[in-house]
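What follows is a short report on a single structure.
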Amino acid sequence: MRTLWQHCHVATMVDGRYSIIEDAAIVTSGGVIEWLGPRSEMRPVEAQRTVDLGNAWVTPGLIDCHTHAVFGGNRSGEFEQRLQGVSYAEIAAQGGGIASTVRATRAASEDELFASARQRVQALMRDGVTTIEIKSGYGLDLANERKMLRVARRLADELPLAVRATCLAAHALPPEYAGRADDYIAHICNQMLPALAAEGLVDAVDAFCEHLAFSPAQVEQVFVRARELGLPVKLHAEQLSSLHGSSLAARYQALSADHLEFMTEEDAMAMGEAGTVAVLLPGAFYFLRETQLPPMEALRRHGVRIALASDLNPGTSPGLSLRLMLNMGCTLFRMTPEEALAGVTIHAATALGMGDTHGSLEVGKVADFVAWQIERPADLAYWLGGDLPKRVVRKGHEISH
């Protein structure tokens, strides 16, 4: 069905800028954008439906390009303990931390994981999110990583949402491999990744490169295997220390390197040359009360595209609002509202390998957009919380939540 959407202003986000079209019209057909431009330049069109958007501001659908939305259990008790002065090491010694989420995720059925993840994902959708990435990484064995990735696929089937599933088996060392990290990496490369890829459950491969997780050499083994399987890679890098994981990611033409608080100028240069997107996660920075800021000027200087994401996870960023991350990106990382909006649209799409089809409003791209009742695009980063009035369109069809 061909639909004409009119009486609106559009921030197309082409090239990462607002690229505003005043008094615009959008024609959609077959789930894609057929025409877009000033209403005064539109030729007569035979539309089966015409929608008056009431002078709304239209942006691309928001994209949350880094989440851990599928997990079992809850770690609010640990949050309370930390505020009472209990250290992370003490919590871990009590069986907390990632290990507690692994136990809860392994114990949960696929249906239970789906039900809880659906609630979290729907909260993000109410914020205007139309595309999301979901990582595994709380199963840490083949059966449970498969279970998590199957839930991600199921969410895409049952919700009006595009979902990219990322295998993060190299997230932490499972208890059965205590003291045998190299053996676990070998298991990921030789058994887990080939099996999960063969089942069509994996769109990309991620790893956690840190002293408390896996070394650059171990991560590189995962990257090599992913490349052999034809899968793009991503990396959690430089969150807590500088191991130059972001440079390693760049050498493997990674889609993105994420966190990046401790990255160096040389890392930024490598990422800029490789086209690897920097995904910043202000929710985790805030929740952990970090003080080391990502090197914003180095990223800008070397032309690194900057995305923002919620990092929705039970331990370090229980964030259910991507729009809140826009404000945090501005207030904590000194991004402009325009940079922040680009970070959850076109640059987030690129971080998922979807930049050719999503993330900006252009002819031929998927017709995912949000019509916001706001005064200007900067309002999306300005308002803290709440539910801004909006109409969400997915593949040319208005959806409700």
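Just remember, in the structure tokens the first chain shown is A, the second B, etc., residues are 1-based per chain, and ligands are 1-based in the order shown.
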
Thr12 in chain A environment, 9 Å, only C-alpha atoms, sequence neighbours closer than 6 positions dropped, as a ChimeraX atom specification: /A:18-21,58-60,359-362

Take the residues from that selection and put them in a file with C-alpha atoms, as a CSV table (one decimal), in the first residue's frame.
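Output saved as again_13.csv:
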```csv
chain,number,residue,atom,x,y,z
A,18,TYR,CA,20.0,16.9,11.1
A,19,SER,CA,19.6,17.6,7.3
A,20,ILE,CA,16.2,19.3,8.0
A,21,ILE,CA,13.4,19.4,5.4
A,58,VAL,CA,10.0,13.1,12.0
A,59,THR,CA,13.2,11.3,12.7
A,60,PRO,CA,14.5,7.9,11.7
A,359,GLY,CA,19.3,4.8,10.2
A,360,SER,CA,18.5,7.7,7.9
A,361,LEU,CA,15.4,8.8,5.9
A,362,GLU,CA,16.3,8.4,2.3
```

Determine which residues of range 134-309 of chain A DSSP labels as strand (DSSP E) from the backbone of this structure, then write them out as an MDAnalysis selection string. chainID A and resid 134:135 162:170 204:209 234:237 256:259 277:280 306:308

Return the single residue from A:Leu240, A:Met192, A:Ala204, A:Ala284 that is closest to Met328 in chain A, with distances computed using only C-alpha atoms. A:Ala284

DSSP on the backbone, then: every residue of range 42-118 of chain A marked helix (DSSP H, G or I), written as a ChimeraX atom specification. /A:76-83,88-93,98-107,110-118

Those residues with C-alpha atoms, as a tab-separated table (two decimals), in the first residue's frame please?
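result27.tsv written:
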```tsv
chain	number	residue	atom	x	y	z
A	76	SER	CA	19.03	-4.92	42.24
A	77	GLY	CA	20.18	-6.48	45.52
A	78	GLU	CA	23.79	-6.08	44.42
A	79	PHE	CA	23.09	-2.46	43.52
A	80	GLU	CA	21.85	-1.93	47.06
A	81	GLN	CA	24.91	-3.70	48.49
A	82	ARG	CA	27.32	-1.52	46.51
A	83	LEU	CA	25.59	1.62	47.79
A	88	TYR	CA	32.44	-5.69	43.66
A	89	ALA	CA	35.09	-8.25	44.68
A	90	GLU	CA	33.15	-9.07	47.86
A	91	ILE	CA	29.92	-9.42	45.89
A	92	ALA	CA	31.67	-11.71	43.40
A	93	ALA	CA	33.07	-13.82	46.26
A	98	ILE	CA	27.98	-11.99	36.10
A	99	ALA	CA	28.10	-15.45	37.70
A	100	SER	CA	24.74	-14.88	39.37
A	101	THR	CA	23.15	-13.86	36.07
A	102	VAL	CA	24.67	-16.92	34.38
A	103	ARG	CA	23.09	-19.19	37.01
A	104	ALA	CA	19.70	-17.51	36.66
A	105	THR	CA	19.83	-17.55	32.86
A	106	ARG	CA	20.78	-21.21	32.74
A	107	ALA	CA	17.95	-22.04	35.15
A	110	GLU	CA	13.29	-20.23	26.89
A	111	ASP	CA	9.71	-19.11	27.46
A	112	GLU	CA	10.65	-17.43	30.74
A	113	LEU	CA	13.56	-15.61	29.11
A	114	PHE	CA	11.33	-14.52	26.26
A	115	ALA	CA	8.64	-13.17	28.58
A	116	SER	CA	11.06	-11.08	30.65
A	117	ALA	CA	13.02	-9.84	27.62
A	118	ARG	CA	9.81	-8.90	25.83
```

Pick from A:Arg323, A:His171, A:His68, A:His244: nearest to Ala152 in chain A, with only C-alpha atoms counted?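 Closest to Ala152 in chain A, using only C-alpha atoms: A:His68.
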
Can you tell me, as a PyMOL selection string, what residues are no more than 12 Å from Ala198 in chain A when counting only C-alpha atoms, ignoring any on the same chain fewer than 4 positions away? chain A and resi 146+191-194+202-203+229-231

What gap, in Å, lies between CA of Ala309 in chain A and CA of Cys8 in chain A?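 CA of Ala309 in chain A sits 27.0 Å away from CA of Cys8 in chain A.
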
Closest atom pairs, residues of range 44-154 of chain A within 8 Å of range 369-379 of chain A, only C-alpha atoms, as CSV:
```
residue,atom,partner,partner_atom,distance
A:Leu53,CA,A:Ala371,CA,7.0
A:Asn55,CA,A:Gln373,CA,7.7
A:Ala56,CA,A:Gln373,CA,5.0
A:Trp57,CA,A:Trp372,CA,5.1
A:Val58,CA,A:Ala371,CA,4.3
A:Thr59,CA,A:Val370,CA,5.5
A:Pro60,CA,A:Phe369,CA,4.2
A:Gly61,CA,A:Phe369,CA,4.1
A:Leu62,CA,A:Phe369,CA,7.8
A:Gly128,CA,A:Val370,CA,6.4
A:Thr130,CA,A:Phe369,CA,8.0
```

Best match for closeness to Thr28 in chain A among A:Ile399, A:Cys330, A:Met1, A:Ile63, counting only C-alpha atoms: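 Of all the options, A:Met1 lies closest to Thr28 in chain A.
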
As a ChimeraX atom specification, please: the residues near Ala162 in chain A (cut-off 10 Å, only C-alpha atoms, same-chain neighbours under 6 positions excluded). /A:63,129-133,153,155-156,368,394-395

Considering only C-alpha atoms, return as number ranges by chain whatever protein or nucleic-acid residues lie within 10 Å of Leu312 in chain A, sequence-local ones (same chain, fewer than 3 positions apart) excluded. A: 64, 66-70, 120-121, 124, 134, 281, 283-284, 309, 315-322

With all heavy atoms retained, export the selected residues as a short mmCIF file (atom, residue, chain, number, x, y, z; two decimals), in the first residue's frame.
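Result file follows (part_25.cif):
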```cif
data_model
loop_
_atom_site.label_atom_id
_atom_site.label_comp_id
_atom_site.auth_asym_id
_atom_site.auth_seq_id
_atom_site.Cartn_x
_atom_site.Cartn_y
_atom_site.Cartn_z
N ASP A 64 18.92 0.91 18.99
CA ASP A 64 19.72 0.60 20.18
C ASP A 64 20.71 -0.49 19.79
O ASP A 64 20.36 -1.67 19.71
CB ASP A 64 18.83 0.15 21.33
CG ASP A 64 19.55 0.21 22.68
OD1 ASP A 64 20.79 0.32 22.68
OD2 ASP A 64 18.87 0.14 23.72
N HIS A 66 23.48 -1.76 21.17
CA HIS A 66 24.24 -2.56 22.15
C HIS A 66 23.34 -2.81 23.35
O HIS A 66 23.15 -1.94 24.20
CB HIS A 66 25.50 -1.79 22.58
CG HIS A 66 26.38 -2.53 23.55
ND1 HIS A 66 27.74 -2.63 23.40
CD2 HIS A 66 26.11 -3.20 24.70
CE1 HIS A 66 28.27 -3.32 24.40
NE2 HIS A 66 27.27 -3.66 25.22
N THR A 67 22.75 -4.02 23.41
CA THR A 67 21.98 -4.41 24.59
C THR A 67 22.29 -5.86 24.96
O THR A 67 22.76 -6.64 24.13
CB THR A 67 20.45 -4.30 24.39
OG1 THR A 67 19.94 -5.50 23.78
CG2 THR A 67 20.06 -3.11 23.56
N HIS A 68 22.02 -6.18 26.20
CA HIS A 68 22.06 -7.55 26.73
C HIS A 68 20.65 -7.85 27.27
O HIS A 68 20.48 -8.22 28.42
CB HIS A 68 23.09 -7.66 27.84
CG HIS A 68 24.47 -7.21 27.48
ND1 HIS A 68 25.52 -8.08 27.29
CD2 HIS A 68 24.99 -5.97 27.30
CE1 HIS A 68 26.63 -7.40 27.00
NE2 HIS A 68 26.32 -6.11 27.00
N ALA A 69 19.65 -7.65 26.42
CA ALA A 69 18.27 -7.61 26.89
C ALA A 69 17.72 -8.96 27.35
O ALA A 69 16.70 -9.01 28.03
CB ALA A 69 17.37 -7.04 25.79
N VAL A 70 18.36 -10.05 26.96
CA VAL A 70 17.89 -11.39 27.35
C VAL A 70 18.73 -11.89 28.52
O VAL A 70 19.93 -12.11 28.39
CB VAL A 70 17.98 -12.37 26.16
CG1 VAL A 70 17.56 -13.77 26.60
CG2 VAL A 70 17.12 -11.88 25.00
N ARG A 120 11.19 -5.85 28.66
CA ARG A 120 12.26 -4.86 28.58
C ARG A 120 12.34 -4.23 27.20
O ARG A 120 12.50 -3.00 27.05
CB ARG A 120 13.60 -5.51 28.96
CG ARG A 120 13.69 -5.91 30.42
CD ARG A 120 15.07 -6.43 30.78
NE ARG A 120 15.30 -7.79 30.35
CZ ARG A 120 15.06 -8.88 31.09
NH1 ARG A 120 14.52 -8.75 32.29
NH2 ARG A 120 15.33 -10.09 30.64
N VAL A 121 12.24 -5.05 26.18
CA VAL A 121 12.32 -4.55 24.81
C VAL A 121 11.13 -3.65 24.50
O VAL A 121 11.28 -2.62 23.83
CB VAL A 121 12.41 -5.73 23.82
CG1 VAL A 121 12.23 -5.25 22.39
CG2 VAL A 121 13.76 -6.43 23.97
N LEU A 124 11.79 -0.18 25.61
CA LEU A 124 12.62 0.55 24.64
C LEU A 124 11.79 0.98 23.43
O LEU A 124 11.94 2.09 22.92
CB LEU A 124 13.79 -0.31 24.19
CG LEU A 124 14.87 -0.60 25.24
CD1 LEU A 124 15.84 -1.65 24.73
CD2 LEU A 124 15.62 0.68 25.60
N ILE A 134 20.75 -7.55 20.24
CA ILE A 134 20.70 -8.30 21.49
C ILE A 134 21.88 -9.26 21.52
O ILE A 134 22.06 -10.06 20.59
CB ILE A 134 19.38 -9.08 21.63
CG1 ILE A 134 18.19 -8.11 21.70
CG2 ILE A 134 19.41 -9.97 22.88
CD1 ILE A 134 16.84 -8.79 21.77
N LEU A 281 28.59 4.14 25.86
CA LEU A 281 27.55 3.58 26.72
C LEU A 281 27.46 4.39 28.01
O LEU A 281 27.96 3.98 29.07
CB LEU A 281 27.85 2.11 27.00
CG LEU A 281 28.01 1.27 25.71
CD1 LEU A 281 28.57 -0.11 26.03
CD2 LEU A 281 26.69 1.15 24.97
N GLY A 283 25.10 4.92 30.06
CA GLY A 283 24.38 4.32 31.18
C GLY A 283 25.30 3.58 32.11
O GLY A 283 25.20 3.69 33.34
N ALA A 284 26.23 2.79 31.55
CA ALA A 284 27.19 2.06 32.38
C ALA A 284 28.15 3.02 33.05
O ALA A 284 28.52 2.83 34.23
CB ALA A 284 27.95 1.05 31.52
N ALA A 309 24.25 3.83 22.89
CA ALA A 309 23.35 2.70 23.13
C ALA A 309 23.05 2.59 24.61
O ALA A 309 23.72 3.20 25.46
CB ALA A 309 23.97 1.41 22.60
N GLY A 315 23.55 -5.86 35.40
CA GLY A 315 24.58 -5.55 36.37
C GLY A 315 25.09 -4.13 36.36
O GLY A 315 25.35 -3.54 37.42
N THR A 316 25.26 -3.55 35.17
CA THR A 316 25.94 -2.25 35.10
C THR A 316 25.17 -1.18 34.35
O THR A 316 25.59 -0.02 34.35
CB THR A 316 27.33 -2.40 34.43
OG1 THR A 316 27.16 -2.86 33.08
CG2 THR A 316 28.20 -3.38 35.20
N SER A 317 24.05 -1.53 33.72
CA SER A 317 23.27 -0.51 33.01
C SER A 317 21.84 -1.00 32.80
O SER A 317 21.44 -1.32 31.69
CB SER A 317 23.90 -0.16 31.66
OG SER A 317 23.23 0.94 31.06
N PRO A 318 21.05 -1.05 33.87
CA PRO A 318 19.66 -1.48 33.73
C PRO A 318 18.80 -0.37 33.13
O PRO A 318 17.85 0.11 33.76
CB PRO A 318 19.26 -1.84 35.18
CG PRO A 318 20.11 -0.93 36.01
CD PRO A 318 21.41 -0.79 35.27
N GLY A 319 19.15 0.05 31.93
CA GLY A 319 18.52 1.20 31.30
C GLY A 319 17.42 0.78 30.35
O GLY A 319 17.65 0.01 29.42
N LEU A 320 16.23 1.31 30.56
CA LEU A 320 15.07 0.97 29.74
C LEU A 320 14.66 2.13 28.84
O LEU A 320 13.58 2.09 28.25
CB LEU A 320 13.90 0.57 30.63
CG LEU A 320 14.11 -0.68 31.48
CD1 LEU A 320 12.94 -0.90 32.43
CD2 LEU A 320 14.31 -1.90 30.60
N SER A 321 15.51 3.16 28.72
CA SER A 321 15.18 4.31 27.88
C SER A 321 16.38 4.70 27.05
O SER A 321 17.39 5.18 27.59
CB SER A 321 14.74 5.50 28.75
OG SER A 321 14.66 6.67 27.96
N LEU A 322 16.30 4.51 25.74
CA LEU A 322 17.38 4.97 24.87
C LEU A 322 17.41 6.49 24.80
O LEU A 322 18.47 7.09 24.69
CB LEU A 322 17.22 4.37 23.47
CG LEU A 322 18.35 4.67 22.49
CD1 LEU A 322 19.69 4.18 23.00
CD2 LEU A 322 18.05 4.06 21.13
#
```

Provide the CA of Ala274 in chain A to CA of Lys234 in chain A distance in Å, to one decimal place.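 A separation of 12.8 Å between them.
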
So which one's closest to Gln218 in chain A, A:Asp182, A:Glu238, A:Asp141, A:Glu158? Using only C-alpha atoms, please.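 Counting only C-alpha atoms, the residue closest to Gln218 in chain A is A:Asp182.
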
Shell of 8 Å around Thr264 in chain A, only C-alpha atoms, local chain residues under 2 positions omitted, as a count of residues only: 7
